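Structure first, commentary second.
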Amino acid sequence: MRHPLRYVLLVLALLYALSLDHGLPNRYVPDDHAVRCALGMAQDFSEQGLSGLVPESGRYTIYPYLLPYLDLALVGGVYVGGRATGAWGGTGEFREAVFDDPTYAWLPARMLSALLALLVPWGLYRSARELRRSRGEAALAALLGGSSLVLVLYAHTSRPWAAMLGLMCLTQALSLRAMRKGSPRSLGLASLAAGLSASAFTLGLAAFAFPFVAWVTLLLRGRRALLWRALPALGAGLLVAALVGYPYMWMHGLESGSGVQYSGGQGTAPMEGATPDVEVGGLAFIPQFGVDGLPAKASAWFGSEPALLLLGLPGLFLLARRRERRLDALLLAVAPALCFMLLFLFYELGLVRYLMPATALLGLPAAAMSSALARRGGAARVVALLLLALPLVQAARLDQLLGRQDTRTLAVEQLVAQLPEQARVAVDGMGSLYAPPIPAHPEALLELGAAMLEAPEVLWLNRREQRVLQLHDAGVAPPANARRQIPVSRFWRFDSYYPSDYLLGASTELGDFFDAWRVDHYIQVDRLPDEARRAPITELMAARGELIAEVSPTGDSAPAVAELPTDMQFALTQLWAYERPGPWVRLWRLKPAAESQR
């Protein structure tokens, strides 16, 4: 096989592209940062001109602006194509079309994410070749790193992780090339790739370590001419990051954006009251480390990437012992993987997706270990083949699940039929982000609007709800499946229903809130049903709730966790326990308080 990378890229492209439209036209994944910013830029540009292309950080997104700019170009292409075919006659009609069907904007953004994710296997292949590995072993590195379950998951969203990681792997390959060639041009290309990685997501700033280490190593090897000649090339990447990723700092000042804040009562964020020590735009890094979350984090990482960890961790020693370009491998392959791994395993706010750089960089040592096992033959070769197949099977299973109907879609079809037309239903779901998209009745929205006048800094209406009120004012009757909804989770902090987490004044019991709003039904939406912050719900439903219907992602059973289509706690088993993505949705009829006390 003369060019195995072609076949690897074909397999991975299929894994990234299958079920790419999952959930659409409903946006069940919190992946709207880049697209929302792109649409906001388009609106601002039509009103303000060029200055509208550089909004303040935090207005639409707290992430850097590379993906919003690329998504803006894609959305512009969709608009032009629609004008050419007569699908819409102008920007107003296109805006309404995107509102009615977000697929027009979100699917191209996801396609871009999947395309940039392919830079991960391509970069790993080139890195392996730079380290003088055979084409076969380089293809193994590309396949193992590129089939990482978390990478496949984020390649299916428009969030910036896959793009940032792909550009970081490209930076690694170009930096290894620069160490071999020792030219300012090679260092400049590596720095430009690092600048693009930093422009996709703030963690990508770490990619600048690759060309910097390459430059210092070359100086120590006697390439003194590079001391000044390479500085403009290295600075080019920083300039790209500043102009493409963080242009709002030039337009609006270094204070543009708002950092992450942690506050609240019981059951809220674990680092409440923490103050960010490092802040870039709207993203903050709080250097607090510990071992309390290590077991859960390590378990989640292993559940997502068992093959890469079983092969990659011992493979680090093999990679470090090889004679060919040993120092280069140590500095630009082994050390970065270890640094990312240790940093985010012990970082208190770290999630499994924060370990994605370590995961991808383990592709090189995993390929070395896999090749060593294959050369031994017998049972060792069988083990290598099984471990090579495992991430492909996991990724294919993920695609299969994402392609199935979400529990929230089923809930709209099945639970609404159980709700009387005059029912007043409280809807759970993290500010309605995870709630089933049941059409809202204008009567309840008018009540919510009255409450907003008293607390405009807390309560809000989304665009779909605003549209309902506009149609109501125009005399349009609501659809037959519209229900009088109270988005209860908007009144509480972090979806925690402890009295101390109530946002509108004094501490309030959830049951008293329901009585005040005359709620007679409740839609409970759980991703982690046994979380401590959910205890008030469990207690109230045990006392006053009568279960009418439910939709579970595990079929007829109650799920221990229900986190698809986002990160999972232990994917190795959960992928096979799930039947479909989405949270656990239950419909309860509420007894009056007096009746429950009898």
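Going by the structure tokens order, chains are called A, B, ..., each with residues numbered from 1, while ligands are numbered from 1 in the order shown.
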
Next on the checklist: Quick check for you: according to DSSP on this backbone, which residues of range 435-589 of chain A are classed as alpha helix (DSSP H)? Reply as a PyMOL selection string.
Outcome noted: chain A and resi 442-454+463-473+510-516+535-544+571-577

Since we have the selection now, will you write its residues out, keeping C-alpha atoms, as a tab-separated table (two decimals), in the first residue's frame?
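Contents of the output file part24.tsv:
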chain	number	residue	atom	x	y	z
A	442	PRO	CA	-48.75	33.30	24.37
A	443	GLU	CA	-50.81	33.50	27.59
A	444	ALA	CA	-47.98	32.09	29.73
A	445	LEU	CA	-45.41	34.20	27.86
A	446	LEU	CA	-47.35	37.36	28.68
A	447	GLU	CA	-47.18	36.43	32.36
A	448	LEU	CA	-43.48	35.76	32.03
A	449	GLY	CA	-43.04	39.10	30.30
A	450	ALA	CA	-44.73	40.84	33.24
A	451	ALA	CA	-42.27	39.13	35.60
A	452	MET	CA	-39.41	40.26	33.36
A	453	LEU	CA	-40.33	43.89	34.00
A	454	GLU	CA	-39.56	43.31	37.68
A	463	ARG	CA	-36.27	34.54	19.90
A	464	ARG	CA	-38.79	31.78	19.36
A	465	GLU	CA	-40.84	33.02	22.30
A	466	GLN	CA	-40.60	36.57	21.06
A	467	ARG	CA	-41.93	35.36	17.70
A	468	VAL	CA	-44.90	33.74	19.45
A	469	LEU	CA	-45.80	37.09	21.04
A	470	GLN	CA	-45.39	38.91	17.72
A	471	LEU	CA	-47.80	36.48	16.05
A	472	HIS	CA	-50.17	36.84	18.99
A	473	ASP	CA	-50.15	40.64	18.62
A	510	LEU	CA	-39.87	25.00	44.61
A	511	GLY	CA	-43.32	23.82	45.71
A	512	ASP	CA	-44.27	27.34	46.75
A	513	PHE	CA	-43.07	28.63	43.37
A	514	PHE	CA	-45.27	26.11	41.57
A	515	ASP	CA	-48.27	27.15	43.66
A	516	ALA	CA	-47.65	30.84	43.03
A	535	ALA	CA	-32.57	16.67	45.25
A	536	PRO	CA	-35.39	19.25	45.73
A	537	ILE	CA	-37.04	17.98	42.54
A	538	THR	CA	-36.83	14.36	43.67
A	539	GLU	CA	-38.34	15.21	47.06
A	540	LEU	CA	-41.15	17.33	45.60
A	541	MET	CA	-42.15	14.75	42.97
A	542	ALA	CA	-42.17	12.01	45.62
A	543	ALA	CA	-44.59	14.11	47.69
A	544	ARG	CA	-46.80	15.71	45.03
A	571	ALA	CA	-18.39	6.13	27.08
A	572	LEU	CA	-16.94	2.62	26.93
A	573	THR	CA	-20.16	1.23	28.41
A	574	GLN	CA	-22.61	4.11	28.00
A	575	LEU	CA	-22.38	4.01	24.21
A	576	TRP	CA	-23.99	0.58	24.36
A	577	ALA	CA	-26.47	1.41	27.13

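Using only C-alpha atoms, the contacts of Met369 in chain A at a cut-off of 6 Å, with sequence neighbours closer than 3 positions omitted, comprise Leu311, Gly315, Ala366 and Ala372 of chain A.
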
Next on the checklist: So that I can check the secondary structure, give me every residue of range 217-414 of chain A assigned strand (DSSP E or B) by backbone DSSP, as a ChimeraX atom specification.
Outcome noted: /A:278-280,283-285,289,347

I need the chosen residues saved as a PDB file, in the first residue's frame, with N, CA and C atoms.
ATOM      1  N   VAL A 278      -5.836  34.541  34.990  1.00  0.00           N
ATOM      2  CA  VAL A 278      -5.452  34.791  33.612  1.00  0.00           C
ATOM      3  C   VAL A 278      -6.721  34.875  32.785  1.00  0.00           C
ATOM      4  N   GLU A 279      -6.878  35.962  32.032  1.00  0.00           N
ATOM      5  CA  GLU A 279      -8.084  36.123  31.235  1.00  0.00           C
ATOM      6  C   GLU A 279      -7.718  36.659  29.865  1.00  0.00           C
ATOM      7  N   VAL A 280      -8.199  35.971  28.819  1.00  0.00           N
ATOM      8  CA  VAL A 280      -7.995  36.405  27.446  1.00  0.00           C
ATOM      9  C   VAL A 280      -9.369  36.578  26.828  1.00  0.00           C
ATOM     10  N   LEU A 283     -12.558  34.417  28.102  1.00  0.00           N
ATOM     11  CA  LEU A 283     -12.243  33.126  28.689  1.00  0.00           C
ATOM     12  C   LEU A 283     -11.212  33.298  29.797  1.00  0.00           C
ATOM     13  N   ALA A 284     -11.481  32.665  30.919  1.00  0.00           N
ATOM     14  CA  ALA A 284     -10.611  32.820  32.077  1.00  0.00           C
ATOM     15  C   ALA A 284      -9.972  31.491  32.436  1.00  0.00           C
ATOM     16  N   PHE A 285      -8.747  31.555  32.923  1.00  0.00           N
ATOM     17  CA  PHE A 285      -8.043  30.384  33.439  1.00  0.00           C
ATOM     18  C   PHE A 285      -7.740  30.629  34.906  1.00  0.00           C
ATOM     19  N   PHE A 289      -5.411  23.578  41.237  1.00  0.00           N
ATOM     20  CA  PHE A 289      -5.180  22.183  40.939  1.00  0.00           C
ATOM     21  C   PHE A 289      -5.416  21.342  42.185  1.00  0.00           C
ATOM     22  N   TYR A 347      -6.160  19.762  36.890  1.00  0.00           N
ATOM     23  CA  TYR A 347      -6.823  21.063  36.868  1.00  0.00           C
ATOM     24  C   TYR A 347      -8.247  20.879  37.375  1.00  0.00           C
TER      25      TYR A 347
END

Item to check | Spatial neighbours of Trp161 in chain A, max dist 12 Å, only C-alpha atoms, sep filter under 6 positions, as a PyMOL selection string | outcome: chain A and resi 31+33-34+63-64+67+110+113-114+116-117+120+150-155+167-168+197-204+352-357+360

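Nearest residue to Ser51 in chain A, choosing from A:Met251, A:Val291, A:Leu238, A:Leu318 and counting only C-alpha atoms: A:Met251.
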
Checklist entry - Ala97 in chain A: which residues within 12 Å, counting only C-alpha atoms, same-chain residues fewer than 5 positions away excluded, as a PyMOL selection string? => result chain A and resi 25+78-79+82+87-92+102-105

Checklist entry - Could you work out how far CA of Gly81 in chain A lies from CA of Arg95 in chain A, giving the answer in Å with one decimal? => result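 Taking CA of Arg95 in chain A and CA of Gly81 in chain A, their separation equals 14.3 Å.
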
Checklist entry - Which residues come within 10 Å of Pro436 in chain A, counting only C-alpha atoms, excluding same-chain residues fewer than 6 positions away, as JSON, numbers by chain? => result {"A": [26, 28, 406, 407, 408, 409, 410, 411, 412, 413, 415, 427, 428, 429, 523, 525, 582, 583, 585]}

Store the residues picked out above, limited to N, CA, C and O atoms, as an mmCIF file, in the first residue's frame.
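That gives us out-v2.cif:
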data_model
loop_
_atom_site.group_PDB
_atom_site.id
_atom_site.type_symbol
_atom_site.label_atom_id
_atom_site.label_comp_id
_atom_site.auth_asym_id
_atom_site.auth_seq_id
_atom_site.Cartn_x
_atom_site.Cartn_y
_atom_site.Cartn_z
ATOM 1 N N ASN A 26 -33.662 21.200 15.128
ATOM 2 C CA ASN A 26 -33.564 21.631 16.522
ATOM 3 C C ASN A 26 -32.100 21.664 16.933
ATOM 4 O O ASN A 26 -31.315 20.796 16.535
ATOM 5 N N TYR A 28 -30.009 20.861 19.585
ATOM 6 C CA TYR A 28 -29.916 20.153 20.859
ATOM 7 C C TYR A 28 -28.515 20.163 21.451
ATOM 8 O O TYR A 28 -28.304 19.732 22.569
ATOM 9 N N ASP A 406 -33.802 12.176 18.788
ATOM 10 C CA ASP A 406 -33.500 12.618 20.146
ATOM 11 C C ASP A 406 -34.724 12.460 21.052
ATOM 12 O O ASP A 406 -35.869 12.548 20.592
ATOM 13 N N THR A 407 -34.471 12.220 22.333
ATOM 14 C CA THR A 407 -35.593 12.068 23.272
ATOM 15 C C THR A 407 -36.460 13.315 23.328
ATOM 16 O O THR A 407 -37.668 13.232 23.556
ATOM 17 N N ARG A 408 -35.879 14.487 23.094
ATOM 18 C CA ARG A 408 -36.661 15.713 23.158
ATOM 19 C C ARG A 408 -37.647 15.820 21.993
ATOM 20 O O ARG A 408 -38.749 16.326 22.143
ATOM 21 N N THR A 409 -37.236 15.305 20.839
ATOM 22 C CA THR A 409 -38.161 15.262 19.709
ATOM 23 C C THR A 409 -39.302 14.294 19.994
ATOM 24 O O THR A 409 -40.477 14.596 19.722
ATOM 25 N N LEU A 410 -38.964 13.136 20.552
ATOM 26 C CA LEU A 410 -39.996 12.174 20.909
ATOM 27 C C LEU A 410 -40.928 12.749 21.970
ATOM 28 O O LEU A 410 -42.139 12.490 21.963
ATOM 29 N N ALA A 411 -40.359 13.520 22.905
ATOM 30 C CA ALA A 411 -41.182 14.108 23.970
ATOM 31 C C ALA A 411 -42.232 15.045 23.398
ATOM 32 O O ALA A 411 -43.382 15.076 23.867
ATOM 33 N N VAL A 412 -41.857 15.833 22.403
ATOM 34 C CA VAL A 412 -42.828 16.737 21.781
ATOM 35 C C VAL A 412 -43.967 15.935 21.164
ATOM 36 O O VAL A 412 -45.139 16.313 21.245
ATOM 37 N N GLU A 413 -43.638 14.803 20.565
ATOM 38 C CA GLU A 413 -44.658 13.988 19.904
ATOM 39 C C GLU A 413 -45.530 13.234 20.912
ATOM 40 O O GLU A 413 -46.738 13.104 20.721
ATOM 41 N N LEU A 415 -45.416 13.404 24.713
ATOM 42 C CA LEU A 415 -45.850 13.956 25.993
ATOM 43 C C LEU A 415 -46.923 15.024 25.835
ATOM 44 O O LEU A 415 -47.792 15.155 26.701
ATOM 45 N N VAL A 427 -41.533 23.772 32.828
ATOM 46 C CA VAL A 427 -40.591 23.030 31.991
ATOM 47 C C VAL A 427 -39.191 23.202 32.546
ATOM 48 O O VAL A 427 -38.702 24.319 32.723
ATOM 49 N N ASP A 428 -38.557 22.082 32.823
ATOM 50 C CA ASP A 428 -37.204 22.025 33.372
ATOM 51 C C ASP A 428 -36.204 22.105 32.215
ATOM 52 O O ASP A 428 -36.578 22.086 31.054
ATOM 53 N N GLY A 429 -34.911 22.185 32.525
ATOM 54 C CA GLY A 429 -33.914 22.022 31.475
ATOM 55 C C GLY A 429 -32.908 23.130 31.306
ATOM 56 O O GLY A 429 -32.735 23.645 30.210
ATOM 57 N N ILE A 523 -42.627 19.116 33.534
ATOM 58 C CA ILE A 523 -41.771 18.320 32.648
ATOM 59 C C ILE A 523 -40.362 18.355 33.205
ATOM 60 O O ILE A 523 -39.715 19.408 33.228
ATOM 61 N N VAL A 525 -36.481 17.333 33.133
ATOM 62 C CA VAL A 525 -35.452 17.023 32.132
ATOM 63 C C VAL A 525 -34.146 16.762 32.872
ATOM 64 O O VAL A 525 -33.569 17.682 33.462
ATOM 65 N N GLY A 582 -30.082 12.362 23.976
ATOM 66 C CA GLY A 582 -31.060 13.203 24.649
ATOM 67 C C GLY A 582 -31.187 12.890 26.125
ATOM 68 O O GLY A 582 -30.804 11.815 26.592
ATOM 69 N N PRO A 583 -31.736 13.822 26.898
ATOM 70 C CA PRO A 583 -31.902 13.635 28.336
ATOM 71 C C PRO A 583 -33.102 12.734 28.648
ATOM 72 O O PRO A 583 -33.867 12.339 27.758
ATOM 73 N N VAL A 585 -36.622 12.523 29.958
ATOM 74 C CA VAL A 585 -37.731 13.478 30.041
ATOM 75 C C VAL A 585 -38.932 12.782 30.681
ATOM 76 O O VAL A 585 -39.383 11.744 30.189
#

Item to check | Shortest interatomic distance to Leu294 in chain A - which of A:Leu308, A:Ala384, A:Leu351, A:Cys339, counting only C-alpha atoms | outcome: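 Closest residue, counting only C-alpha atoms: A:Leu351.
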
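Each of A:Leu149, A:Ala389, A:Val383, A:Ala426 was compared to Phe302 in chain A using only C-alpha atoms, and A:Leu149 turns out to be the nearest.
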
Item to check | Shell around Ala17 in chain A at 8 Å using only C-alpha atoms, local window under 2 positions removed, as a list of chain:residue names | outcome: A:Ala13, A:Leu14, A:Leu15, A:Ser19, A:Leu20, A:Met111, A:Ala114, A:His156

Next on the checklist: Which residue is closest to Pro529 in chain A? Choose from A:Leu205, A:Leu564, A:Ala558, A:Leu131 and count only C-alpha atoms.
Outcome noted: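 Distance minimum relative to Pro529 in chain A lands on A:Ala558.
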
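CA of Ala380 in chain A is positioned 17.9 Å from CA of Phe317 in chain A.
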
Checklist outcome for this item: From CA of Leu528 in chain A to CA of Gly545 in chain A the spacing works out at 19.4 Å

Checklist entry - Between A:Leu364, A:Leu218, A:Ala396, A:Leu18, which has the minimum distance to Cys169 in chain A (counting only C-alpha atoms)? => result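 When distances to Cys169 in chain A are compared using only C-alpha atoms, the smallest one comes from A:Leu364.
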
Checklist entry - Near Gly145 in chain A, counting only C-alpha atoms, which residues have an atom at most 7 Å away, once you skip same-chain residues fewer than 5 positions from it, shown as JSON, numbers by chain? => result {"A": [121, 360, 362, 363]}

Selection export as a short mmCIF file (atom, residue, chain, number, x, y, z; two decimals), in the first residue's frame, atoms kept: N, CA and C atoms:
data_model
loop_
_atom_site.label_atom_id
_atom_site.label_comp_id
_atom_site.auth_asym_id
_atom_site.auth_seq_id
_atom_site.Cartn_x
_atom_site.Cartn_y
_atom_site.Cartn_z
N PRO A 121 -5.43 13.74 11.82
CA PRO A 121 -4.70 12.61 11.26
C PRO A 121 -3.63 13.02 10.26
N ALA A 360 -4.80 13.35 21.29
CA ALA A 360 -4.32 13.31 19.90
C ALA A 360 -2.83 13.06 19.84
N LEU A 362 -1.07 11.42 21.76
CA LEU A 362 -0.76 10.03 22.07
C LEU A 362 -0.85 9.14 20.83
N GLY A 363 -1.32 9.69 19.72
CA GLY A 363 -1.39 8.89 18.49
C GLY A 363 -0.03 8.40 18.05
#
